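What follows is one structure encoded as structure tokens, with my remarks underneath.
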Amino acid sequence: MTSKLSLATLDQVKATASVPSYSRDDLSAGIVHFGVGNFHRAHQAIYLDDLFNTGADHDWAIIGAGVLPSDTVMREKLAAQDFLTTVVEQDNNRTGARVTAPMIDILKIGDTAATIGTLADPKIRIVSMTITEGGYFIDASGTFNPQHPAIAEDGKNPASPKTVFGLIVAGLKARKDKGIQPFTVMSCDNIPHNGKVTKNAVVGLAALSDPSFANWISENVSFPNSMVDRITPATGERERDIARDDFGIDDNWPVFCEEFKQWVMEDNFPAGRPALETVGVQFVPEVAPYEHMKIRILNGGHAAIAYPAALLDIHFVHEAMEHPLIRAFLAKLEKEEIIPIIPPVPDTDLNEYFDLIERRFLNPKIGDTIPRLAQDGSNRQPKFILPSTADRLEKGDDIVGLSLVSALWCRYFHGTSDSGAKIAFNDASAERLQAAAIKAKDDPTAFLALDDIFGEVAKSELFRKRFAHALKTLWEKGTAETLELYLQNKLVS
């Protein structure tokens, strides 16, 4: 029997999935979260669900918020099932489902007054976000861009903001005017120094309309850095079918994820925080070593395998890892060029960490896809790949493998795989990337001229030489043979 997910059907659902031991009536909001996507519901919401199931901290429930059209769709889907979510955790050896209930509402998208009013509520002590790497209005160097049209517009109209950061600034202003302690702003996105990046965006936007208030934010609002980790693919019919057929749950938007999860945070919450350390969150004095490791090895690894897999018409991540050339390419790249330049991480062996990443990428149940890894490269390459390139160049080390990653990305954006199949892009900069990639077939420097992406790296003569040779080889010999040459240490001009 299939049950439509709702509070009223939890007794039926618990036959096939674990359900909350706490009552929704006992919860009150302490967090507003922007970006109620799959990752948030598989990560932050899971930790809170675990905590609430212990009977503790029921005054830290979540109210969702957003600014995008997709947020409206999510609100409608989740409101229809009382903001419950089915989370299916899939490891190589087990699969299990749970229903989570830490979210009690999602604010109506576009209702600026209601959103600011909620942010000004003294019960809200944390404002968190998962708005993707591209949502922070930063350039290739990680610097906040106040000239971005959306930011400039909010700077001119601070009382009617349209961006997440504009709403946060307005909420903080309302609290200051009422004498209410500011909330902590907590980024949960895969960005190096995400707390600092978030602070730069909030303070930078506030400065456009009120420099003195911007200074107040800088001095009084906390922006802790954090590292988040859990592989969470997009939801499609496959996932809805599994939730219904295997677990008897009719969920409008179930979330599928791996069993592994990690969250490392600075303990800097002046307005208070839930006791997340009791459910596995690591609070540390300095997050940077952990985020550096994760972004370079895991996110960099995803970015490295995405484009050769796409060019070889591979759809699933585990299938890419089962391809001997791609798996060997990733291992050589990580062990020879990425891991050696990562500073030590407390109580962590980096080679063992990479072994864990390999096992996670090989998980066939997760159903993660190459199109998901390949999307938004214009934001991901400057954060996950090019910093490693820059660090090696600064040390005087070679970058054959990292240059090949960039060349594979360029080849991908020409628009067809090695077999001639058309590639569907998912990148806000797709048009200009493809135009540059088409020119780069004859003039490789055309792709490297994308200054907002490549920045100073493109000025390196060695990088330009390695990139040009890798791209030329990809066109002449194809992806598989180019990977072979790299593995044989023969991809050098």
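Letters for chains follow the order of the structure tokens (A, B, ...), residue numbers begin at 1 for each chain, and ligand numbers begin at 1 in the order shown.
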
Within 6 Å of stretch 150-164 of chain A, counting only C-alpha atoms, which residues qualify if same-chain residues fewer than 3 places away don't, as a tab-separated table (two decimals) with C-alpha atoms, in the first residue's frame?
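This is the output file around_27.tsv:
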chain	number	residue	atom	x	y	z
A	146	PRO	CA	29.29	45.00	-5.89
A	147	GLN	CA	28.72	45.88	-9.56
A	167	LEU	CA	17.04	40.29	2.72
A	208	LEU	CA	26.31	50.47	-0.98
A	209	SER	CA	23.46	52.19	0.86

- Could you please write out, as a VMD selection string, every residue of stretch 19-118 of chain A that DSSP assigns to strand (DSSP E)? chain A and resid 29 to 34 61 to 65 85 to 90 95 to 100 103 to 106

- Task: Quick one: everything within 10 Å of A:Leu51, counting only C-alpha atoms, minus sequence neighbours fewer than 2 positions away in the same chain. Send it as a ChimeraX atom specification.
- Result: /A:45-49,53-58,60,102,274-280

- Excluding same-chain residues fewer than 4 positions from stretch 169-178 of chain A, what lies within 6 Å of it counting only C-alpha atoms, as a PyMOL selection string? chain A and resi 116+119-120

Any chance you can output those residues with N, CA, C and O atoms as a short mmCIF file (atom, residue, chain, number, x, y, z; two decimals), in the first residue's frame?
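Below is the file that was written, again-v6.cif:
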data_model
loop_
_atom_site.label_atom_id
_atom_site.label_comp_id
_atom_site.auth_asym_id
_atom_site.auth_seq_id
_atom_site.Cartn_x
_atom_site.Cartn_y
_atom_site.Cartn_z
N ILE A 116 11.32 39.73 5.90
CA ILE A 116 12.07 40.63 6.79
C ILE A 116 11.50 40.57 8.20
O ILE A 116 12.24 40.56 9.19
N LEU A 119 12.80 37.47 9.82
CA LEU A 119 14.22 37.64 10.16
C LEU A 119 14.40 38.53 11.39
O LEU A 119 15.38 38.40 12.12
N ALA A 120 13.45 39.44 11.61
CA ALA A 120 13.54 40.35 12.75
C ALA A 120 12.98 39.75 14.03
O ALA A 120 13.10 40.35 15.11
#

- Message: One decimal, in Å: what's the spacing between atom CA of A:Ser6 and atom CA of A:Ile231?
- Response: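 Between atom CA of A:Ser6 and atom CA of A:Ile231 the gap works out to 26.1 Å.
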
- Atom pair atom CA of A:Asp347 / atom CA of A:Ile297: separation (Å):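 So the answer is 16.6 Å.
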
- Using only C-alpha atoms, which residue out of A:Ala446, A:Ile249, A:Met293, A:Ala430 lies closest to A:Ile342?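 Residue with the minimum atom-to-atom distance to A:Ile342: A:Met293.
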